[in-house]
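Enquirer: Dropping in start-v4.txt, which is compact mmCIF, C-alpha atoms (C1' of nucleotides):
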# COMPACT_ATOMS: atom_id res chain seq x y z
CA MET A 26 25.54 200.82 -217.95
CA ARG A 27 22.60 202.92 -217.21
CA ILE A 28 20.92 204.08 -214.07
CA SER A 29 17.29 203.05 -214.19
CA ALA A 30 14.39 205.31 -213.42
CA LYS A 31 13.68 203.16 -210.41
CA ALA A 32 17.13 203.58 -208.91
CA ASP A 33 17.08 207.27 -209.63
CA TYR A 34 13.65 207.69 -208.05
CA ALA A 35 14.66 205.64 -205.03
CA VAL A 36 17.69 207.78 -204.34
CA ARG A 37 15.76 210.99 -204.80
CA ALA A 38 13.05 209.81 -202.44
CA ALA A 39 15.58 208.87 -199.79
CA VAL A 40 17.34 212.20 -200.14
CA GLU A 41 14.04 213.97 -199.78
CA LEU A 42 13.37 212.10 -196.56
CA ALA A 43 16.85 212.93 -195.34
CA ALA A 44 16.36 216.60 -196.04
CA ALA A 45 13.10 216.67 -194.11
CA GLY A 46 14.81 215.67 -190.91
CA ASN A 47 13.47 212.70 -189.05
CA GLU A 48 10.95 214.34 -186.76
CA LYS A 49 7.77 213.37 -188.48
CA PRO A 50 6.99 210.98 -191.31
CA ILE A 51 6.65 212.35 -194.84
CA LYS A 52 3.77 211.24 -196.99
CA ALA A 53 4.57 209.34 -200.16
CA GLU A 54 2.36 211.78 -201.98
CA ALA A 55 4.43 214.72 -200.80
CA VAL A 56 7.63 213.10 -202.04
CA ALA A 57 5.98 212.23 -205.33
CA ASN A 58 4.85 215.81 -205.82
CA VAL A 59 8.13 217.47 -204.94
CA GLN A 60 10.24 215.07 -206.96
CA GLY A 61 7.86 214.56 -209.84
CA ILE A 62 7.61 210.82 -209.43
CA PRO A 63 4.43 208.89 -210.31
CA LEU A 64 2.81 208.20 -206.97
CA ASN A 65 1.88 204.59 -207.63
CA PHE A 66 5.34 203.74 -208.82
CA LEU A 67 6.90 205.49 -205.86
CA GLU A 68 4.76 203.46 -203.51
CA ASN A 69 6.24 200.28 -204.93
CA ILE A 70 9.73 201.66 -204.55
CA LEU A 71 9.19 202.79 -200.98
CA GLY A 72 7.89 199.33 -200.22
CA GLU A 73 11.15 197.83 -201.42
CA LEU A 74 13.15 200.32 -199.43
CA ARG A 75 11.16 199.42 -196.38
CA HIS A 76 11.72 195.75 -197.02
CA ALA A 77 15.44 196.42 -197.15
CA GLY A 78 15.28 198.23 -193.83
CA ILE A 79 16.21 201.58 -195.28
CA VAL A 80 12.99 203.39 -194.50
CA ARG A 81 10.29 202.93 -191.91
CA SER A 82 6.66 203.59 -192.46
CA GLN A 83 3.78 204.79 -190.41
CA ARG A 84 0.24 204.12 -191.45
CA GLY A 85 -2.92 206.07 -191.11
CA PHE A 86 -3.51 209.65 -190.20
CA GLU A 87 -0.27 211.63 -190.03
CA GLY A 88 1.45 208.62 -191.54
CA GLY A 89 4.28 208.52 -194.03
CA PHE A 90 7.88 207.46 -194.38
CA ARG A 91 11.10 208.27 -192.61
CA LEU A 92 14.62 206.92 -192.78
CA ALA A 93 15.22 203.89 -190.60
CA ARG A 94 18.83 204.89 -189.91
CA PRO A 95 20.73 208.16 -189.72
CA ALA A 96 21.01 209.70 -193.17
CA ALA A 97 24.78 209.75 -192.85
CA GLU A 98 24.82 205.98 -192.63
CA ILE A 99 22.82 205.25 -195.75
CA THR A 100 24.84 205.14 -198.94
CA ILE A 101 23.67 205.43 -202.51
CA ALA A 102 24.88 201.87 -202.98
CA ASP A 103 22.57 200.66 -200.23
CA ILE A 104 19.63 202.14 -202.04
CA ILE A 105 20.53 200.90 -205.49
CA ARG A 106 21.11 197.40 -204.17
CA ALA A 107 17.76 197.52 -202.41
CA VAL A 108 15.82 198.24 -205.57
CA GLU A 109 17.98 196.74 -208.29
CA GLY A 110 20.07 193.99 -206.77
CA PRO A 111 23.81 193.76 -207.43
CA LEU A 112 25.51 196.96 -208.52
CA ALA A 113 27.30 195.57 -211.53
CA SER A 114 27.04 192.39 -213.49
CA VAL A 115 28.16 190.96 -216.79
CA ARG A 116 25.37 189.25 -218.70
CA GLY A 117 23.44 188.96 -215.47
CA ALA A 118 26.12 187.25 -213.40
CA PRO A 119 28.86 188.65 -211.18
CA PRO A 120 32.01 189.28 -213.21
CA GLU A 121 34.30 187.22 -211.03
CA ASP A 122 32.72 183.86 -211.62
CA SER A 123 32.79 183.49 -215.35
CA LYS A 124 35.74 182.05 -217.24
CA TYR A 125 36.62 183.48 -220.57
CA PRO A 126 38.17 181.35 -223.26
CA GLY A 127 41.05 182.22 -225.52
CA ALA A 128 42.52 185.66 -225.72
CA ALA A 129 39.84 187.18 -223.50
CA SER A 130 40.98 185.34 -220.38
CA GLU A 131 42.08 188.55 -218.70
CA LEU A 132 38.91 190.45 -219.48
CA PRO A 133 37.25 189.76 -216.11
CA ARG A 134 39.94 191.83 -214.46
CA VAL A 135 38.73 194.79 -216.46
CA TRP A 136 35.12 194.26 -215.45
CA ILE A 137 36.24 193.91 -211.84
CA ALA A 138 38.09 197.20 -212.09
CA VAL A 139 34.98 198.82 -213.51
CA ARG A 140 32.88 197.57 -210.65
CA LYS A 141 35.45 198.64 -208.11
CA ASN A 142 35.50 202.19 -209.42
CA LEU A 143 31.74 202.23 -209.44
CA ARG A 144 31.58 201.09 -205.88
CA ASP A 145 34.16 203.65 -204.85
CA VAL A 146 31.67 206.34 -205.65
CA VAL A 147 28.32 204.96 -204.63
CA GLU A 148 29.48 203.29 -201.44
CA GLN A 149 31.02 206.47 -200.26
CA VAL A 150 28.27 208.97 -200.85
CA THR A 151 25.47 209.03 -198.31
CA VAL A 152 22.01 210.47 -198.64
CA ALA A 153 23.01 213.05 -196.05
CA ASP A 154 25.85 214.14 -198.34
CA VAL A 155 23.50 214.62 -201.27
CA ALA A 156 20.85 216.37 -199.19
CA SER A 157 23.40 218.83 -197.84
CA GLY A 158 25.22 219.22 -201.13
CA ARG A 159 28.52 218.41 -199.44
CA LEU A 160 29.97 215.39 -201.21
CA PRO A 161 32.98 213.48 -199.88
CA ARG A 162 36.24 215.00 -201.06
CA ALA A 163 37.19 212.20 -203.42
CA VAL A 164 33.80 212.27 -205.09
CA ALA A 165 33.65 216.04 -205.28
CA LYS A 166 37.01 215.96 -206.99
CA LEU A 167 35.67 213.60 -209.63
CA SER A 168 32.59 215.64 -210.33
CA ASP A 169 34.46 218.93 -210.34
CA ASP A 170 36.63 217.87 -213.24
CA PRO A 171 35.22 219.82 -216.19
CA ASP A 172 36.08 216.89 -218.42
CA ALA A 173 33.64 214.75 -216.51
CA TRP A 174 30.79 216.96 -217.66
CA ILE A 175 31.41 216.55 -221.35
CA THR A 176 28.99 214.26 -223.11
CA ARG A 177 31.06 211.81 -224.98
CA MET B 16 24.47 199.13 -214.19
CA ARG B 17 25.14 195.99 -216.06
CA ILE B 18 27.35 195.04 -218.92
CA SER B 19 25.18 193.52 -221.61
CA ALA B 20 25.94 190.32 -223.45
CA LYS B 21 26.35 192.36 -226.58
CA ALA B 22 29.02 194.62 -225.11
CA ASP B 23 30.78 191.67 -223.58
CA TYR B 24 30.73 189.74 -226.84
CA ALA B 25 31.92 192.75 -228.80
CA VAL B 26 34.92 193.26 -226.56
CA ARG B 27 35.80 189.59 -226.63
CA ALA B 28 35.59 189.51 -230.39
CA ALA B 29 37.83 192.54 -230.72
CA VAL B 30 40.33 191.07 -228.31
CA GLU B 31 40.35 187.86 -230.27
CA LEU B 32 41.11 189.79 -233.44
CA ALA B 33 43.84 191.69 -231.65
CA ALA B 34 45.43 188.49 -230.42
CA ALA B 35 45.46 187.02 -233.89
CA GLY B 36 47.71 189.77 -235.17
CA ASN B 37 46.60 191.67 -238.21
CA GLU B 38 48.17 189.62 -240.96
CA LYS B 39 45.13 187.87 -242.28
CA PRO B 40 41.44 188.29 -241.64
CA ILE B 41 39.73 186.03 -239.10
CA LYS B 42 36.44 184.45 -239.96
CA ALA B 43 33.44 185.37 -237.87
CA GLU B 44 32.82 181.68 -237.42
CA ALA B 45 36.26 181.14 -235.94
CA VAL B 46 35.71 183.90 -233.40
CA ALA B 47 32.28 182.53 -232.59
CA ASN B 48 33.69 179.09 -231.97
CA VAL B 49 36.61 180.14 -229.82
CA GLN B 50 34.61 182.58 -227.73
CA GLY B 51 31.41 180.62 -227.58
CA ILE B 52 29.27 183.32 -229.13
CA PRO B 53 26.21 182.52 -231.30
CA LEU B 54 27.39 183.06 -234.84
CA ASN B 55 24.37 184.96 -236.09
CA PHE B 56 24.44 187.28 -233.17
CA LEU B 57 28.14 187.85 -233.57
CA GLU B 58 27.66 188.78 -237.19
CA ASN B 59 25.29 191.54 -236.17
CA ILE B 60 27.79 192.78 -233.65
CA LEU B 61 30.69 192.71 -236.07
CA GLY B 62 28.53 194.65 -238.47
CA GLU B 63 28.11 197.39 -235.90
CA LEU B 64 31.80 197.40 -235.15
CA ARG B 65 32.51 197.76 -238.82
CA HIS B 66 30.04 200.58 -239.09
CA ALA B 67 31.86 202.33 -236.28
CA GLY B 68 35.16 201.91 -238.07
CA ILE B 69 36.62 199.60 -235.47
CA VAL B 70 36.99 196.54 -237.64
CA ARG B 71 37.40 196.01 -241.35
CA SER B 72 35.93 193.14 -243.24
CA GLN B 73 36.93 191.12 -246.24
CA ARG B 74 34.40 189.07 -248.12
CA GLY B 75 34.62 185.84 -249.98
CA PHE B 76 37.15 183.06 -249.79
CA GLU B 77 39.83 183.73 -247.17
CA GLY B 78 37.66 186.56 -245.93
CA GLY B 79 36.96 187.61 -242.39
CA PHE B 80 37.53 190.50 -240.01
CA ARG B 81 40.51 192.40 -238.77
CA LEU B 82 40.97 195.50 -236.65
CA ALA B 83 40.83 198.73 -238.58
CA ARG B 84 43.36 200.42 -236.29
CA PRO B 85 46.27 199.22 -234.18
CA ALA B 86 45.00 197.24 -231.22
CA ALA B 87 46.74 199.60 -228.85
CA GLU B 88 44.60 202.47 -230.08
CA ILE B 89 41.22 200.83 -229.57
CA THR B 90 39.79 201.20 -226.11
CA ILE B 91 37.10 199.20 -224.42
CA ALA B 92 35.07 202.39 -224.33
CA ASP B 93 35.25 202.69 -228.11
CA ILE B 94 33.77 199.25 -228.46
CA ILE B 95 31.03 199.68 -225.90
CA ARG B 96 29.99 202.98 -227.43
CA ALA B 97 29.91 201.37 -230.85
CA VAL B 98 27.45 198.69 -229.85
CA GLU B 99 25.54 200.30 -227.00
CA GLY B 100 25.73 204.03 -227.42
CA PRO B 101 26.64 206.30 -224.51
CA LEU B 102 28.54 204.70 -221.65
CA ALA B 103 26.35 205.91 -218.86
CA SER B 104 22.95 207.47 -218.69
CA VAL B 105 20.25 208.22 -216.18
CA ARG B 106 16.82 207.14 -217.34
CA GLY B 107 18.08 207.16 -220.90
CA ALA B 108 19.49 210.68 -220.93
CA PRO B 109 22.95 212.00 -220.12
CA PRO B 110 23.19 212.88 -216.43
CA GLU B 111 24.33 216.45 -216.94
CA ASP B 112 21.24 217.75 -218.62
CA SER B 113 18.50 216.93 -216.21
CA LYS B 114 17.48 219.22 -213.40
CA TYR B 115 16.46 217.73 -210.12
CA PRO B 116 13.96 219.47 -207.90
CA GLY B 117 14.09 219.93 -204.18
CA ALA B 118 16.67 218.26 -202.02
CA ALA B 119 18.04 216.17 -204.87
CA SER B 120 19.49 219.13 -206.72
CA GLU B 121 23.04 217.96 -206.14
CA LEU B 122 22.41 214.40 -207.21
CA PRO B 123 23.62 214.88 -210.79
CA ARG B 124 27.09 215.50 -209.44
CA VAL B 125 27.05 212.00 -208.03
CA TRP B 126 26.00 210.48 -211.34
CA ILE B 127 28.67 212.51 -213.09
CA ALA B 128 31.25 211.17 -210.67
CA VAL B 129 30.06 207.66 -211.35
CA ARG B 130 30.40 208.13 -215.06
CA LYS B 131 33.81 209.69 -214.67
CA ASN B 132 35.12 206.75 -212.71
CA LEU B 133 33.63 204.40 -215.25
CA ARG B 134 35.31 206.21 -218.07
CA ASP B 135 38.58 206.22 -216.23
CA VAL B 136 38.71 202.48 -216.59
CA VAL B 137 37.22 201.73 -219.97
CA GLU B 138 38.82 204.63 -221.82
CA GLN B 139 42.20 203.62 -220.59
CA VAL B 140 42.23 199.92 -221.35
CA THR B 141 42.87 198.92 -224.96
CA VAL B 142 42.15 195.64 -226.64
CA ALA B 143 45.91 195.14 -226.93
CA ASP B 144 46.14 195.40 -223.13
CA VAL B 145 43.51 192.72 -222.64
CA ALA B 146 44.95 190.45 -225.31
CA SER B 147 48.39 190.63 -223.74
CA GLY B 148 47.10 190.48 -220.19
CA ARG B 149 49.07 193.60 -219.31
CA LEU B 150 46.62 196.16 -218.02
CA PRO B 151 47.54 199.80 -217.42
CA ARG B 152 48.96 200.34 -213.96
CA ALA B 153 46.02 202.23 -212.56
CA VAL B 154 43.57 199.60 -213.74
CA ALA B 155 45.70 196.70 -212.59
CA LYS B 156 45.80 198.30 -209.20
CA LEU B 157 42.03 198.43 -209.04
CA SER B 158 41.57 194.84 -210.06
CA ASP B 159 44.33 193.57 -207.79
CA ASP B 160 42.57 194.82 -204.70
CA PRO B 161 41.18 191.65 -203.09
CA ASP B 162 38.23 193.64 -201.90
CA ALA B 163 37.24 194.31 -205.49
CA TRP B 164 36.68 190.60 -206.00
CA ILE B 165 34.14 190.18 -203.25
CA THR B 166 30.58 189.83 -204.40
CA ARG B 167 28.62 192.33 -202.48
C1' DG C 30 -16.68 202.65 -182.65
C1' DC C 31 -16.42 205.48 -187.01
C1' DG C 32 -14.50 207.79 -190.47
C1' DT C 33 -10.56 209.51 -192.56
C1' DT C 34 -6.14 208.96 -193.87
C1' DA C 35 -2.31 206.63 -195.77
C1' DC C 36 0.54 202.65 -196.14
C1' DT C 37 0.44 197.44 -198.07
C1' DG C 38 0.75 193.99 -201.25
C1' DG C 39 -0.15 192.08 -205.31
C1' DA C 40 -2.05 191.72 -209.82
C1' DC C 41 -1.96 193.53 -214.28
C1' DA C 42 -0.39 195.76 -218.63
C1' DA C 43 1.94 198.59 -222.20
C1' DT C 44 6.24 199.35 -224.09
C1' DT C 45 10.96 198.61 -224.83
C1' DT C 46 15.12 196.10 -224.70
C1' DC C 47 17.71 191.94 -224.96
C1' DG C 48 19.44 188.02 -226.96
C1' DA C 49 19.10 185.44 -230.64
C1' DT C 50 17.69 183.32 -235.21
C1' DC C 51 17.11 183.22 -240.01
C1' DA C 52 16.70 184.02 -245.08
C1' DG C 53 18.31 185.71 -248.93
C1' DG C 54 21.47 188.85 -251.21
C1' DA C 55 25.96 191.00 -252.31
C1' DT C 56 30.76 190.61 -253.11
C1' DG C 57 35.23 189.52 -254.14
C1' DA C 58 39.27 186.19 -254.57
C1' DT C 59 40.53 182.54 -257.31
C1' DA D 5 31.87 181.28 -262.84
C1' DT D 6 31.98 179.61 -258.46
C1' DC D 7 32.08 179.40 -253.84
C1' DA D 8 33.08 181.01 -249.36
C1' DT D 9 32.06 184.52 -246.66
C1' DC D 10 30.23 188.72 -245.28
C1' DC D 11 25.79 191.89 -245.33
C1' DT D 12 21.25 193.38 -244.40
C1' DG D 13 17.15 193.43 -242.41
C1' DA D 14 13.19 191.04 -240.68
C1' DT D 15 11.45 188.57 -237.14
C1' DC D 16 10.77 186.49 -232.65
C1' DG D 17 10.15 185.15 -227.70
C1' DA D 18 11.35 186.33 -223.17
C1' DA D 19 12.40 189.41 -219.86
C1' DA D 20 12.88 193.93 -217.92
C1' DT D 21 11.19 198.42 -217.45
C1' DT D 22 7.88 201.63 -216.08
C1' DG D 23 4.15 202.21 -214.68
C1' DT D 24 -1.26 201.59 -213.12
C1' DC D 25 -4.92 200.02 -210.23
C1' DC D 26 -7.19 198.41 -206.36
C1' DA D 27 -9.00 195.94 -202.40
C1' DG D 28 -7.15 195.41 -197.78
C1' DT D 29 -5.46 197.04 -193.37
C1' DA D 30 -3.53 199.80 -189.67
C1' DA D 31 -3.45 204.25 -187.02
C1' DC D 32 -5.49 208.15 -185.20
C1' DG D 33 -8.80 211.85 -183.86
C1' DC D 34 -13.27 212.51 -182.59
Go ahead and express the file in the form of structure tokens.

Expert:
Amino acid sequence: MRISAKADYAVRAAVELAAAGNEKPIKAEAVANVQGIPLNFLENILGELRHAGIVRSQRGFEGGFRLARPAAEITIADIIRAVEGPLASVRGAPPEDSKYPGAASELPRVWIAVRKNLRDVVEQVTVADVASGRLPRAVAKLSDDPDAWITR
Amino acid sequence: MRISAKADYAVRAAVELAAAGNEKPIKAEAVANVQGIPLNFLENILGELRHAGIVRSQRGFEGGFRLARPAAEITIADIIRAVEGPLASVRGAPPEDSKYPGAASELPRVWIAVRKNLRDVVEQVTVADVASGRLPRAVAKLSDDPDAWITR
DNA sequence: GCGTTACTGGACAATTTCGATCAGGATGAT
DNA sequence: ATCATCCTGATCGAAATTGTCCAGTAACGC
């Protein structure tokens, strides 16, 4: 249950693009510098985001990347799925299609609930939200709970 | 954002112990057979659970494992933390103590919200709940949503 | 066209984690 | 004592993670 460097970088890059408006493309190098991401690695990531139709690129002089859709329509989930595949899995497979023997037969329902709660956050927050610092109410409520900030 | 085989196995083993009551210890081999877990691997896992004070072991003839506390007091989160460490992390570190530059400064709040929602499920469900198939209301509600079952 | 710039795509590699296996030892109930 | 069972730690291959590098190609200004 960890967020990989790749997913984290991808989201940060997208947010950076969102914050820059969509007038002119932003160079990968500029994003890498501002966000402290290894340039070569970031290039791979941006390639995947482009493949997924999340960003568009422009080559050559004055080239760079920009969001392919309005920032308010791109969710964190979109980005994570683009670079990491499915949001949540159990032993590499989706939780709903494995049968558990014996006393654990009801366990999939728990994993489903976990995934659902995960989705409820990442499918709701857009890169525009993060860039502006104004998170959706439900999410803000979660992250404002002081208890949520305690390392446990 | 995946649940590892180890965490999955650990929970299933604990649930199996819970379902067996706490009269007599259950052999690791029996759990391995019923749940389809490689015995050697399971022994490692049970060792970690014992180290964490979640199960107790009995050696020799008629030996085996039993829960160290009432099943209703052991949460899924306890088990995952015992075998995997912290529930959620970003690039290996807790989300609250990394600073993000530029436009991504508010991103940690999103990761915190994710973790919070995660915790809300796994800290609430006990092994007794899973063994009996009666999940806490809030969790049941999440997993009963048909939408939660769609692979996306 | 030419040169500069910057994305493109893929190959490669170090390190770590995952999932599992195994051997041999310790222990405790009978 | 004996035997069943847990205990410990080493080891291992495969895959994922986190990068690095580079030759190619498109766009643009001059």

Enquirer: Could you superpose chain B on chain A by least squares over every Cα, matched in sequence order, and send it back as a tab-separated table (two decimals) with C-alpha atoms, in the frame of the given file?

Expert:
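Printed below is part.tsv as written:
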chain	number	residue	atom	x	y	z
B	16	MET	CA	25.57	200.78	-217.95
B	17	ARG	CA	22.64	202.93	-217.18
B	18	ILE	CA	20.99	204.13	-214.05
B	19	SER	CA	17.36	203.10	-214.19
B	20	ALA	CA	14.45	205.36	-213.40
B	21	LYS	CA	13.73	203.19	-210.41
B	22	ALA	CA	17.18	203.62	-208.90
B	23	ASP	CA	17.12	207.31	-209.61
B	24	TYR	CA	13.69	207.72	-208.04
B	25	ALA	CA	14.68	205.66	-205.02
B	26	VAL	CA	17.72	207.80	-204.33
B	27	ARG	CA	15.77	211.00	-204.78
B	28	ALA	CA	13.07	209.81	-202.43
B	29	ALA	CA	15.60	208.88	-199.78
B	30	VAL	CA	17.34	212.20	-200.13
B	31	GLU	CA	14.04	213.98	-199.77
B	32	LEU	CA	13.37	212.09	-196.55
B	33	ALA	CA	16.84	212.91	-195.32
B	34	ALA	CA	16.35	216.59	-196.02
B	35	ALA	CA	13.10	216.65	-194.12
B	36	GLY	CA	14.81	215.64	-190.91
B	37	ASN	CA	13.46	212.67	-189.06
B	38	GLU	CA	10.96	214.31	-186.77
B	39	LYS	CA	7.77	213.33	-188.48
B	40	PRO	CA	6.99	210.95	-191.29
B	41	ILE	CA	6.66	212.30	-194.83
B	42	LYS	CA	3.79	211.18	-196.97
B	43	ALA	CA	4.58	209.29	-200.14
B	44	GLU	CA	2.37	211.74	-201.96
B	45	ALA	CA	4.42	214.69	-200.77
B	46	VAL	CA	7.63	213.09	-202.02
B	47	ALA	CA	5.97	212.22	-205.31
B	48	ASN	CA	4.84	215.79	-205.79
B	49	VAL	CA	8.12	217.46	-204.93
B	50	GLN	CA	10.24	215.07	-206.95
B	51	GLY	CA	7.86	214.58	-209.82
B	52	ILE	CA	7.61	210.83	-209.43
B	53	PRO	CA	4.42	208.89	-210.30
B	54	LEU	CA	2.81	208.16	-206.97
B	55	ASN	CA	1.92	204.55	-207.62
B	56	PHE	CA	5.36	203.76	-208.83
B	57	LEU	CA	6.91	205.50	-205.87
B	58	GLU	CA	4.83	203.45	-203.50
B	59	ASN	CA	6.27	200.28	-204.97
B	60	ILE	CA	9.74	201.66	-204.58
B	61	LEU	CA	9.21	202.77	-201.01
B	62	GLY	CA	7.90	199.31	-200.30
B	63	GLU	CA	11.17	197.82	-201.48
B	64	LEU	CA	13.16	200.30	-199.47
B	65	ARG	CA	11.16	199.38	-196.42
B	66	HIS	CA	11.72	195.72	-197.08
B	67	ALA	CA	15.44	196.40	-197.19
B	68	GLY	CA	15.28	198.20	-193.88
B	69	ILE	CA	16.21	201.56	-195.31
B	70	VAL	CA	13.00	203.38	-194.53
B	71	ARG	CA	10.32	202.91	-191.93
B	72	SER	CA	6.68	203.54	-192.52
B	73	GLN	CA	3.80	204.74	-190.44
B	74	ARG	CA	0.25	204.12	-191.52
B	75	GLY	CA	-2.91	206.06	-191.09
B	76	PHE	CA	-3.48	209.70	-190.33
B	77	GLU	CA	-0.21	211.64	-190.06
B	78	GLY	CA	1.50	208.61	-191.52
B	79	GLY	CA	4.28	208.47	-194.05
B	80	PHE	CA	7.90	207.41	-194.38
B	81	ARG	CA	11.10	208.23	-192.62
B	82	LEU	CA	14.63	206.88	-192.79
B	83	ALA	CA	15.24	203.86	-190.63
B	84	ARG	CA	18.85	204.86	-189.93
B	85	PRO	CA	20.71	208.15	-189.72
B	86	ALA	CA	21.01	209.70	-193.16
B	87	ALA	CA	24.76	209.75	-192.85
B	88	GLU	CA	24.83	205.97	-192.62
B	89	ILE	CA	22.82	205.25	-195.76
B	90	THR	CA	24.84	205.13	-198.93
B	91	ILE	CA	23.69	205.44	-202.49
B	92	ALA	CA	24.90	201.89	-202.98
B	93	ASP	CA	22.58	200.65	-200.24
B	94	ILE	CA	19.64	202.15	-202.04
B	95	ILE	CA	20.55	200.92	-205.49
B	96	ARG	CA	21.12	197.41	-204.19
B	97	ALA	CA	17.77	197.52	-202.44
B	98	VAL	CA	15.82	198.27	-205.58
B	99	GLU	CA	17.99	196.77	-208.31
B	100	GLY	CA	20.07	194.03	-206.78
B	101	PRO	CA	23.81	193.80	-207.42
B	102	LEU	CA	25.53	196.99	-208.52
B	103	ALA	CA	27.30	195.59	-211.52
B	104	SER	CA	27.02	192.41	-213.48
B	105	VAL	CA	28.11	190.95	-216.77
B	106	ARG	CA	25.29	189.29	-218.65
B	107	GLY	CA	23.38	188.99	-215.41
B	108	ALA	CA	26.08	187.27	-213.37
B	109	PRO	CA	28.82	188.68	-211.16
B	110	PRO	CA	31.97	189.28	-213.20
B	111	GLU	CA	34.27	187.22	-211.02
B	112	ASP	CA	32.69	183.87	-211.61
B	113	SER	CA	32.73	183.51	-215.33
B	114	LYS	CA	35.65	182.04	-217.22
B	115	TYR	CA	36.56	183.48	-220.55
B	116	PRO	CA	38.14	181.34	-223.21
B	117	GLY	CA	41.01	182.19	-225.47
B	118	ALA	CA	42.49	185.64	-225.66
B	119	ALA	CA	39.81	187.16	-223.45
B	120	SER	CA	40.95	185.33	-220.34
B	121	GLU	CA	42.04	188.54	-218.66
B	122	LEU	CA	38.88	190.44	-219.44
B	123	PRO	CA	37.21	189.76	-216.08
B	124	ARG	CA	39.90	191.85	-214.44
B	125	VAL	CA	38.70	194.80	-216.46
B	126	TRP	CA	35.09	194.28	-215.41
B	127	ILE	CA	36.21	193.91	-211.82
B	128	ALA	CA	38.06	197.20	-212.08
B	129	VAL	CA	34.97	198.83	-213.49
B	130	ARG	CA	32.87	197.59	-210.64
B	131	LYS	CA	35.45	198.66	-208.11
B	132	ASN	CA	35.51	202.20	-209.41
B	133	LEU	CA	31.74	202.24	-209.43
B	134	ARG	CA	31.60	201.11	-205.86
B	135	ASP	CA	34.17	203.66	-204.86
B	136	VAL	CA	31.68	206.37	-205.65
B	137	VAL	CA	28.32	204.99	-204.63
B	138	GLU	CA	29.48	203.30	-201.43
B	139	GLN	CA	31.05	206.49	-200.26
B	140	VAL	CA	28.27	208.98	-200.84
B	141	THR	CA	25.45	209.03	-198.29
B	142	VAL	CA	22.01	210.48	-198.64
B	143	ALA	CA	23.00	213.07	-196.04
B	144	ASP	CA	25.84	214.15	-198.34
B	145	VAL	CA	23.48	214.64	-201.26
B	146	ALA	CA	20.85	216.39	-199.18
B	147	SER	CA	23.40	218.84	-197.83
B	148	GLY	CA	25.21	219.21	-201.13
B	149	ARG	CA	28.51	218.41	-199.44
B	150	LEU	CA	29.98	215.42	-201.20
B	151	PRO	CA	32.99	213.50	-199.89
B	152	ARG	CA	36.25	215.01	-201.07
B	153	ALA	CA	37.19	212.24	-203.44
B	154	VAL	CA	33.79	212.30	-205.11
B	155	ALA	CA	33.65	216.07	-205.30
B	156	LYS	CA	36.98	215.98	-207.02
B	157	LEU	CA	35.66	213.61	-209.65
B	158	SER	CA	32.58	215.65	-210.36
B	159	ASP	CA	34.45	218.95	-210.38
B	160	ASP	CA	36.62	217.88	-213.27
B	161	PRO	CA	35.22	219.82	-216.24
B	162	ASP	CA	36.07	216.91	-218.45
B	163	ALA	CA	33.64	214.74	-216.52
B	164	TRP	CA	30.79	216.95	-217.67
B	165	ILE	CA	31.40	216.52	-221.36
B	166	THR	CA	28.98	214.25	-223.12
B	167	ARG	CA	31.04	211.79	-224.99

Enquirer: Once 4 Å is added on each side, what are the centre and the three edge lengths, in Å to one decimal, of the axis-aligned box enclosing the listed atoms of segment 72-83 of chain A? Present them as AutoDock Vina command-line options.

Expert:
--center_x 10.0 --center_y 200.3 --center_z -195.9 --size_x 20.4 --size_y 17.0 --size_z 19.0

Enquirer: Would you write out, as CSV, a table of all residues in segment 94-138 of chain B that have an atom no more than 12 Å from an atom of segment 37-61 of chain B, listing for each the closest atom pair and the distance in Å to one decimal, considering only C-alpha atoms and ordering rows by chain and rising residue number?

Expert:
residue,atom,partner,partner_atom,distance
B:Ile94,CA,B:Ile60,CA,10.2
B:Ile95,CA,B:Ile60,CA,10.9
B:Ala97,CA,B:Ile60,CA,9.3
B:Val98,CA,B:Ile60,CA,7.0
B:Glu99,CA,B:Ile60,CA,10.3

Enquirer: Please list, as a list in words, the residues that have an atom at most 10 Å away from (26.2, 194.4, -222.0) in the coordinates of this file, counting only C-alpha atoms (C1' of nucleotides).

Expert: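 It turns out the residues near that spot are Met26, Ser114, Val115, Arg116 and Gly117 of chain A; Met16, Arg17, Ile18, Ser19, Ala20, Lys21, Ala22, Asp23, Tyr24, Ala25, Val26, Ile95, Val98 and Glu99 of chain B; DC47 of chain C.
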
Enquirer: By how many Å are atom CA of Pro116 of chain B and atom CA of Glu41 of chain A apart?

Expert: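 Computed distance, atom CA of Pro116 of chain B to atom CA of Glu41 of chain A, equals 9.8 Å.
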